[in-house]
Amino acid sequence: MLITLCYLYLWARWGRRPAARVLSTVRRLRASRCSFTFCRAAAQPRGARVCLSRGGRVFCVGESQSIDDLNKWALCLVSPFILEAEHIAFVTESIWAQDGSFQKPSSSETVVKWSDCCLPLACRPGDPFQLMAKASVDDFSKLGLAFMEDRLQMENGLVAQKIVSVHLQDPALRELSKASGEQVQASPLNPAPSLGGIMEQAGQGDWKATGEGSSPLKTGCGSGREPASDGDPGPGCAERHQLHLSSCHECLELESSTIESVRCASAEGTPELPEGRGGGSEAAAEEPGPERKGRRGNVSGKAPNILLYVGSGSEEALGRLQQVRAVLEDCVDTDSYTLYHLREDSALRDPWPDNCLLLVVASREPVPKDVQQRFLAYLSQGGKVLGLSSSFTVGGFRVTSRDTLQSTAQNLVFSKADGNEVRLSVLSSGHVYEEGLSPGRVQGHLENEDKDKAIVHVPFGTRGGEAILCQVHLELPPSAAVVHTREDFDVLKSSNERRHDVLRDILTTLGLGCDARQVPALTPLRLLLATEEIQDPVMQWLGQHVDPEGIIKSSKLSLRFVSSYTSDMEITPSSIPVLTNPEGFSSEHFNLETYRRNLRTTRLGKVVLFAEVTPTTMSLLGGLMFEMPQEMGLIAIAVRQTQGKGRGPNAWLSPVGCALSTLLACVPSKSELGQRIPFVQHLMSLAVVEAVRSIPGYEDINLRVKWPNDIYYSDLMKIGGVLVNSTLMGDTFYILIGCGFNVTNSNPTICINDLIAEYNRQHGVGLRPLQVDCLIARAVTVLESLIDRFQAHGPDGVLPLYYKYWVHSGQQVRLGGEEGPRVSIVGLDDSGFLQVLQEDGGVVTVHPDGNSFDMLRNLILPKRQ
């Protein structure tokens, strides 16, 4: 009996980890746009599901709470507003503590300060007093758990009553972004505001903390120092939160540590929250810092800030700022670095060099002399500078005009840090560098007769300062307005991935980390139906085929069908829960109604398994494909894949904006298509192209098919691909057709909307960009039509359309390798393989060797029996 009681005690004390449960729930459900609420049990929102209850307080998940109007909020931003993908916006509702109503946690309990875990965005005075802030997933979970365990401390006599995550709608996001650009010095020079400072902004600065639990406001710079302002601070300022001086070393150190702590909250390697109330200061002291997490760029001890200088505040300069910001965000991990706009007045006045890891100078107009001297002083202290098509120079290098090169595509030879050379097409600024007097090396030159110097690497001073200066537009995409011809667009887009590689190499040389971003966490599947009519048949079928635990297994994966998702359900590559309740479904990247409107099939694509993040859609249908009635038409769709499959050993990269799906098609083995299964991949590639080019107005978008399984822009760049796996059971082929093609993701290569935008610019029209959900549905619809046509008429029923869009007419290739005989491609044979014309006039069928990345590189003649 005693042993049993001991086990019960240990289970009660250690069996459940509230911290891990909260964190796991937030991580897994964040993408579903639900709202997380920490509150007293009596204030639990209606319809919300309780995930954890503790001491009269609950953590629950419910319908999304949105904010789209900030008219009644007072903004308190101190830096450019960016709501990172890995961060959560939330509102804390608080009341003012009465005398003795706030009990300070005992010394054995770890106090969590609200202001240490988040960045304030806005406040709304009243009762309750509302504070809007943003925090990383980990810090938001930490705040919520501290609230539940009554160890959350707020300043100025406030006592938290509720914490609820909110979804900021586009109007609110635009207002925050506008306010941060117009009202705040967009640099890391102003410290994060305390609650006292926020309340002063909101007109509530006269409130005094009366409870024992209140903490005095820090004055910054010392109480006896005057604020750095020419105006009179006004009466009573000694009792208010003092302004920080830009020259105060203590404040700069506080600013660096504050920004560092906020940015590091979502970096890789963030440790689990401690169990229960444990993990005090000793545990915190052992938390790995940025360098130990693999982040580069902080060996100097500086905050991870990248400052962007574009000169004046003109509309053209601000447009350039957005272009520079966009390309840098593509190259560096934005969870590890923060990008700020350095204005011209701030460049002269503020102590930014103490908080700057990299200065990017991208101004077209000459840099004012006093600003240039400030930049040189920063370099002399060991600073790093990247010049992007700017007149700024160091080390005696001079900028010389080459008018004939202006805004033209040129070939660049770039020497990487490892000594290898890269050749790519770049957009010239119309300027080049002439040799300087001090040491420096040419890192990139144009491939012309003069080998004009386009990128130079210049050391500066004795403390490790260095600058890499560029006179080619690494910051501009091929779609930029200064790219005038279709030919330049084509060659620049073909080099787009190498442009990013060159920029990453430069940033790495300057001490930044450009490692791959963290793999996103897997999410549950959602069972969605294209029509309401099949709801009952599908649910009845599931009820008959799941095991007692609601699971259907295949050789690689177990799917557990549940009506709702709870945080204790594990998601792994081999075990994924499937939510069968369609209510409340919402995704930023997939609209079910759009999919339904564009799907016009009788059997394909009717039952959808949707995931925000999954290992690969190719494995999701294995346990269902042989049992589910064919007329239900299975398809798996994902926003992201972590283990995407390509042909053979190849991997398929799948960023957001790529249309990713695996479709089940059942084909009788004795039918026309059943006798020619290799044609399936051709039909799917053709379906994607036709899905776009059959839309009125989009007929001339240059999207094409490339044998055997690729979707191409013209004959220049791959835009997608198809992978087919077939299994014969009885007299039926069960065919899984995996397909991925770029729709909205311009980088690192090209996407369909790039082609539409370029077509609009060249022809002066206004075709609208297309969306993933629309094109997947249209492609499935076209595929069903092509299959029906093939079954009725054989290859002749589809080959005329296939040849209309393919890239190989008259193309010459070599058989067996570079030294093999040259042949001309003439078409497909009756089985879907290539037919080529030999020099002697004979037509033969050839197969890919199965080993080459490009199936046309090494064609071989099949063995004759």
# chains A, B, ... in the order shown; residues from 1 in each chain; ligands from 1
>>> select_by_dssp(residues="region 569-740 of chain A", states="strand (DSSP E or B)", output="ChimeraX atom specification")
/A:572,575-579,607-614,634-641,645,651,658-668,703-706,710-713,717-729,732-740
>>> closest_atom_pairs(of="region 770-831 of chain A", to="region 619-633 of chain A", cutoff="12 Å", atoms="only C-alpha atoms", output="Markdown table")
| residue | atom | partner | partner_atom | distance |
| --- | --- | --- | --- | --- |
| A:Val780 | CA | A:Gly633 | CA | 10.5 |
| A:Thr781 | CA | A:Gly633 | CA | 11.8 |
| A:Glu784 | CA | A:Gly633 | CA | 10.9 |
>>> residues_around(residues="Gln838 (chain A)", least_positions_apart="2", cutoff="10 Å", atoms="only C-alpha atoms", output="list of chain:residue names")
A:Pro821, A:Arg822, A:Val823, A:Ser824, A:Ile825, A:Gln835, A:Val836, A:Asp840, A:Gly841, A:Gly842, A:Val843, A:Val844
>>> write_last_selection(atoms="all heavy atoms", output="tab-separated table (two decimals), in the first residue's frame")
chain	number	residue	atom	x	y	z
A	821	PRO	N	26.87	9.57	-80.16
A	821	PRO	CA	26.36	10.08	-81.44
A	821	PRO	C	25.25	11.10	-81.21
A	821	PRO	O	24.45	10.99	-80.28
A	821	PRO	CB	25.81	8.81	-82.12
A	821	PRO	CG	25.53	7.86	-81.00
A	821	PRO	CD	26.57	8.13	-79.97
A	822	ARG	N	25.19	12.09	-82.07
A	822	ARG	CA	24.20	13.14	-81.97
A	822	ARG	C	22.92	12.70	-82.69
A	822	ARG	O	22.97	12.19	-83.82
A	822	ARG	CB	24.72	14.44	-82.58
A	822	ARG	CG	23.76	15.62	-82.43
A	822	ARG	CD	24.34	16.86	-83.09
A	822	ARG	NE	25.56	17.30	-82.42
A	822	ARG	CZ	25.57	18.08	-81.35
A	822	ARG	NH1	24.43	18.49	-80.81
A	822	ARG	NH2	26.72	18.44	-80.81
A	823	VAL	N	21.78	12.92	-82.03
A	823	VAL	CA	20.49	12.57	-82.61
A	823	VAL	C	19.52	13.72	-82.39
A	823	VAL	O	19.74	14.59	-81.54
A	823	VAL	CB	19.91	11.28	-81.97
A	823	VAL	CG1	20.80	10.07	-82.27
A	823	VAL	CG2	19.73	11.45	-80.47
A	824	SER	N	18.42	13.74	-83.15
A	824	SER	CA	17.39	14.78	-83.03
A	824	SER	C	16.11	14.16	-82.48
A	824	SER	O	15.68	13.10	-82.94
A	824	SER	CB	17.11	15.41	-84.40
A	824	SER	OG	18.26	16.04	-84.91
A	825	ILE	N	15.50	14.84	-81.49
A	825	ILE	CA	14.26	14.36	-80.89
A	825	ILE	C	13.10	14.63	-81.85
A	825	ILE	O	12.94	15.76	-82.35
A	825	ILE	CB	14.01	15.05	-79.54
A	825	ILE	CG1	15.13	14.71	-78.55
A	825	ILE	CG2	12.66	14.65	-78.97
A	825	ILE	CD1	15.03	15.44	-77.23
A	835	GLN	N	11.44	9.22	-79.03
A	835	GLN	CA	11.91	8.74	-80.31
A	835	GLN	C	12.88	9.78	-80.88
A	835	GLN	O	12.62	10.98	-80.83
A	835	GLN	CB	10.76	8.53	-81.29
A	835	GLN	CG	9.91	7.30	-80.99
A	835	GLN	CD	8.88	7.04	-82.06
A	835	GLN	OE1	8.23	7.96	-82.55
A	835	GLN	NE2	8.72	5.78	-82.46
A	836	VAL	N	14.01	9.29	-81.41
A	836	VAL	CA	15.02	10.20	-81.95
A	836	VAL	C	15.39	9.77	-83.36
A	836	VAL	O	15.29	8.59	-83.73
A	836	VAL	CB	16.28	10.22	-81.06
A	836	VAL	CG1	15.95	10.74	-79.67
A	836	VAL	CG2	16.93	8.85	-80.98
A	840	ASP	N	21.75	8.40	-89.76
A	840	ASP	CA	21.50	7.58	-90.94
A	840	ASP	C	20.04	7.58	-91.36
A	840	ASP	O	19.64	6.84	-92.27
A	840	ASP	CB	21.97	6.14	-90.69
A	840	ASP	CG	21.22	5.48	-89.52
A	840	ASP	OD1	20.27	6.10	-88.99
A	840	ASP	OD2	21.59	4.35	-89.14
A	841	GLY	N	19.22	8.38	-90.65
A	841	GLY	CA	17.82	8.49	-91.03
A	841	GLY	C	16.89	7.55	-90.29
A	841	GLY	O	15.67	7.64	-90.44
A	842	GLY	N	17.43	6.65	-89.47
A	842	GLY	CA	16.59	5.73	-88.73
A	842	GLY	C	16.01	6.36	-87.48
A	842	GLY	O	16.65	7.20	-86.82
A	843	VAL	N	14.79	5.99	-87.11
A	843	VAL	CA	14.12	6.47	-85.91
A	843	VAL	C	14.11	5.35	-84.88
A	843	VAL	O	13.65	4.24	-85.17
A	843	VAL	CB	12.67	6.91	-86.22
A	843	VAL	CG1	11.96	7.31	-84.93
A	843	VAL	CG2	12.67	8.07	-87.21
A	844	VAL	N	14.65	5.65	-83.69
A	844	VAL	CA	14.72	4.65	-82.62
A	844	VAL	C	14.16	5.24	-81.34
A	844	VAL	O	14.08	6.45	-81.17
A	844	VAL	CB	16.18	4.16	-82.39
A	844	VAL	CG1	16.72	3.45	-83.62
A	844	VAL	CG2	17.07	5.34	-81.99
>>> atom_distance(atom1="CA of Asn305 (chain A)", atom2="CA of Gln373 (chain A)")
20.7 Å
>>> atom_distance(atom1="CA of Gln323 (chain A)", atom2="CA of Ser428 (chain A)")
16.1 Å
>>> residues_around(residues="Asn725 (chain A)", least_positions_apart="6", cutoff="8 Å", atoms="only C-alpha atoms", output="PyMOL selection string")
chain A and resi 735-737
>>> write_last_selection(atoms="N, CA and C atoms", output="mmCIF file, in the first residue's frame")
data_model
loop_
_atom_site.group_PDB
_atom_site.id
_atom_site.type_symbol
_atom_site.label_atom_id
_atom_site.label_comp_id
_atom_site.auth_asym_id
_atom_site.auth_seq_id
_atom_site.Cartn_x
_atom_site.Cartn_y
_atom_site.Cartn_z
ATOM 1 N N ILE A 735 -2.278 4.327 -58.647
ATOM 2 C CA ILE A 735 -1.180 5.217 -59.033
ATOM 3 C C ILE A 735 -1.170 6.447 -58.133
ATOM 4 N N LEU A 736 -0.047 6.669 -57.463
ATOM 5 C CA LEU A 736 0.163 7.890 -56.682
ATOM 6 C C LEU A 736 0.939 8.874 -57.541
ATOM 7 N N ILE A 737 0.333 10.027 -57.804
ATOM 8 C CA ILE A 737 0.944 11.037 -58.672
ATOM 9 C C ILE A 737 1.358 12.217 -57.801
#
>>> select_by_dssp(residues="region 535-630 of chain A", states="helix (DSSP H, G or I)", output="MDAnalysis selection string")
chainID A and resid 535:545 592:598 617:619 630
>>> atom_distance(atom1="CA of Ala317 (chain A)", atom2="CA of Arg364 (chain A)")
8.2 Å
>>> residues_around(residues="Ile455 (chain A)", least_positions_apart="4", cutoff="12 Å", atoms="only C-alpha atoms", output="MDAnalysis selection string")
chainID A and resid 386:390 393 397 399 412:416 426 428:429 431:435 440:446 451 467:474 502:503 506
>>> write_last_selection(atoms="C-alpha atoms", output="CSV table (one decimal), in the first residue's frame")
chain,number,residue,atom,x,y,z
A,386,LEU,CA,28.6,46.0,-47.3
A,387,GLY,CA,28.2,48.5,-50.2
A,388,LEU,CA,25.5,47.8,-52.7
A,389,SER,CA,25.7,49.9,-55.9
A,390,SER,CA,26.7,52.9,-53.8
A,393,THR,CA,34.3,53.8,-51.1
A,397,PHE,CA,39.2,52.8,-54.5
A,399,VAL,CA,34.1,54.6,-58.6
A,412,LEU,CA,30.2,38.2,-63.6
A,413,VAL,CA,33.1,36.0,-62.4
A,414,PHE,CA,33.0,35.9,-58.6
A,415,SER,CA,35.7,34.3,-56.4
A,416,LYS,CA,34.2,32.6,-53.4
A,426,VAL,CA,24.1,40.2,-63.0
A,428,SER,CA,25.2,46.3,-63.8
A,429,SER,CA,24.9,49.6,-62.0
A,431,HIS,CA,29.8,51.9,-62.6
A,432,VAL,CA,33.0,50.0,-61.8
A,433,TYR,CA,36.0,50.3,-59.4
A,434,GLU,CA,39.5,51.5,-60.2
A,435,GLU,CA,42.4,50.3,-58.2
A,440,GLY,CA,42.4,45.1,-51.2
A,441,ARG,CA,41.4,42.4,-53.6
A,442,VAL,CA,39.1,42.1,-56.5
A,443,GLN,CA,36.5,39.5,-55.6
A,444,GLY,CA,34.3,39.9,-58.7
A,445,HIS,CA,35.0,41.2,-62.2
A,446,LEU,CA,32.9,41.5,-65.4
A,451,LYS,CA,37.7,42.7,-66.8
A,467,ALA,CA,34.2,46.4,-46.4
A,468,ILE,CA,33.0,44.5,-49.5
A,469,LEU,CA,31.8,46.9,-52.1
A,470,CYS,CA,29.7,46.0,-55.1
A,471,GLN,CA,28.8,47.8,-58.4
A,472,VAL,CA,26.4,45.1,-59.6
A,473,HIS,CA,22.8,45.0,-58.3
A,474,LEU,CA,22.9,42.0,-56.0
A,502,VAL,CA,27.1,35.1,-54.0
A,503,LEU,CA,25.4,37.4,-51.5
A,506,ILE,CA,29.7,37.9,-49.0
>>> residues_around(residues="Ile637 (chain A)", least_positions_apart="2", cutoff="6 Å", atoms="only C-alpha atoms", output="short mmCIF file (atom, residue, chain, number, x, y, z; two decimals) with N, CA, C and O atoms, in the first residue's frame")
data_model
loop_
_atom_site.label_atom_id
_atom_site.label_comp_id
_atom_site.auth_asym_id
_atom_site.auth_seq_id
_atom_site.Cartn_x
_atom_site.Cartn_y
_atom_site.Cartn_z
N PHE A 610 -5.17 17.52 -45.77
CA PHE A 610 -4.40 18.77 -45.84
C PHE A 610 -3.50 18.92 -44.62
O PHE A 610 -3.90 18.63 -43.49
N LEU A 660 1.99 21.69 -53.62
CA LEU A 660 2.45 20.35 -53.31
C LEU A 660 1.27 19.42 -53.13
O LEU A 660 0.39 19.69 -52.31
N SER A 661 1.24 18.33 -53.87
CA SER A 661 0.11 17.42 -53.76
C SER A 661 0.51 16.02 -54.21
O SER A 661 1.47 15.86 -54.98
#
>>> residues_around(residues="Arg600 (chain A)", least_positions_apart="3", cutoff="10 Å", atoms="only C-alpha atoms", output="list in words")
Ala530, Tyr595, Arg596, Arg597, Arg603, Leu604, Gly605, Lys606, Ala777, Arg778, Val780, Thr781, Val782, Glu784 and Ser785 of chain A
>>> closest_residue(among="A:Met684, A:Val112, A:Leu507, A:Val689", to="Leu703 (chain A)", atoms="only C-alpha atoms")
A:Val689
